[in-house]
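Student: Before anything else, here's the structure in question.
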Amino acid sequence: MAKAIHSMIRVLDETRSTDFYRRAFGLEVAERLDFSEFTLVYLSNAETGFELELTVNKGRTEPYDLGDGYGHLAVSVSDLDAEHARFEAEGFAPRKLVEFAPDGKLVGRFFFVADPDGYQIEVLERSGRFQ
């Protein structure tokens, strides 16, 4: 069976992005590989072996066009309300809390937040299938 190990996004500013992901999700730099034309930064935390790979293309000054194909990354947290309040206090501008319950059955509680490059991240409460 295949094992998911990382997802990659392109970012403009390594410091700004690593600071956001550290403060927002507790992701720390696991490894940084610097090459002549680009840098790869792998972020992780003790919660999971899955990593977020940031690709920083040197010399790039224009924001990336996220297009209409990108969806979102998702993380789970134990206390969604506390995390939403913390994100607000950090100035991350989280979107509103949502209870997704079609036909009256709760599927999940979540909110979205955008990282400094505009990538959307869904923050889900740990319950049901979103452990």
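Naming scheme: A, B, ... for chains in displayed order of the structure tokens; residues 1 onward per chain; ligands 1 onward as shown.
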Distance table requested - range 95-129 of chain A against range 55-63 of chain A, cut-off 12 Å, only C-alpha atoms: one row per qualifying residue with the closest atom pair and its distance in Å to one decimal, ordered by chain and rising residue number, as CSV.
Tutor:
```
residue,atom,partner,partner_atom,distance
A:Pro116,CA,A:Pro63,CA,10.1
A:Asp117,CA,A:Pro63,CA,7.1
A:Gly118,CA,A:Pro63,CA,9.2
A:Tyr119,CA,A:Pro63,CA,11.4
```
Student: Can I get the selected residues back with N, CA, C and O atoms, as a PDB file, in the first residue's frame?
Tutor:
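The file below, part06.pdb, is the result:
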```pdb
ATOM      1  N   PRO A 116       0.173  32.811   4.101  1.00  0.00           N
ATOM      2  CA  PRO A 116       0.631  34.073   3.498  1.00  0.00           C
ATOM      3  C   PRO A 116       0.603  34.102   1.970  1.00  0.00           C
ATOM      4  O   PRO A 116       0.562  35.173   1.369  1.00  0.00           O
ATOM      5  N   ASP A 117       0.611  32.926   1.318  1.00  0.00           N
ATOM      6  CA  ASP A 117       0.565  32.884  -0.145  1.00  0.00           C
ATOM      7  C   ASP A 117      -0.825  32.628  -0.684  1.00  0.00           C
ATOM      8  O   ASP A 117      -1.015  32.502  -1.888  1.00  0.00           O
ATOM      9  N   GLY A 118      -1.819  32.562   0.210  1.00  0.00           N
ATOM     10  CA  GLY A 118      -3.198  32.381  -0.225  1.00  0.00           C
ATOM     11  C   GLY A 118      -3.690  30.948  -0.252  1.00  0.00           C
ATOM     12  O   GLY A 118      -4.831  30.685  -0.619  1.00  0.00           O
ATOM     13  N   TYR A 119      -2.837  29.986   0.134  1.00  0.00           N
ATOM     14  CA  TYR A 119      -3.279  28.595   0.175  1.00  0.00           C
ATOM     15  C   TYR A 119      -4.296  28.428   1.299  1.00  0.00           C
ATOM     16  O   TYR A 119      -4.096  28.921   2.413  1.00  0.00           O
TER      17      TYR A 119
END
```
Student: Quick one: of A:Pro102, A:Arg109, A:Asp34, A:Asp115, who's nearest to Arg22 in chain A, counting only C-alpha atoms?
Tutor: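 Result for the nearest residue to Arg22 in chain A: A:Asp115.
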Student: Any idea what's packed within 12 Å of Tyr21 in chain A, counting only C-alpha atoms, ignoring anything in its chain fewer than 5 positions away? Could you give it as an MDAnalysis selection string?
Tutor: chainID A and resid 11 14:16 26:29 41:45 51:54 75 87 92 113:117 119 121
Student: Write out as an NGL selection string all residues of range 15-80 of chain A that backbone DSSP assigns to alpha helix (DSSP H).
Tutor: :A and (15-25 or 80)
Student: According to DSSP computed on the backbone, where in chain A is there strand (DSSP E)? Give the residues as a PyMOL selection string.
Tutor: chain A and resi 6-10+28-34+38-45+48-57+73-77+98-100+108-114+120-125
Student: Between A:Ile5, A:Leu106, A:Leu66, A:Leu97, single out the one closest to Ala85 in chain A, counting only C-alpha atoms.
Tutor: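 Distance minimum relative to Ala85 in chain A lands on A:Leu97.
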Student: Show which residues sit within 8 Å of Asp79 in chain A, as a PyMOL selection string. Count only C-alpha atoms, and ignore same-chain residues fewer than 4 positions away.
Tutor: chain A and resi 83+125-126
Student: Please determine, counting only C-alpha atoms, which residue among A:Ala46, A:Leu73, A:Leu80, A:Val107 has the shortest atom-to-atom distance to His6 in chain A.
Tutor: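 Nearest to His6 in chain A: A:Leu73.
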Student: Quick one: everything within 12 Å of Ser78 in chain A, counting only C-alpha atoms, minus sequence neighbours fewer than 4 positions away in the same chain. Send it as a ChimeraX atom specification.
Tutor: /A:47,82-84,109-110,123-128,130-131
Student: Counting only C-alpha atoms, figure out which residue out of A:Val77, A:Val98, A:Ala89, A:Leu40 gets nearest to Arg10 in chain A.
Tutor: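 Closest candidate: A:Leu40.
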Student: Go ahead and compute the interatomic distance for CA of Gly71 in chain A and CA of Arg95 in chain A, in Å to one decimal.
Tutor: 15.7 Å
Student: Rounded to one decimal, what separation in Å do you get between CA of Phe35 in chain A and CA of Ser17 in chain A?
Tutor: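 Between CA of Phe35 in chain A and CA of Ser17 in chain A the gap works out to 18.4 Å.
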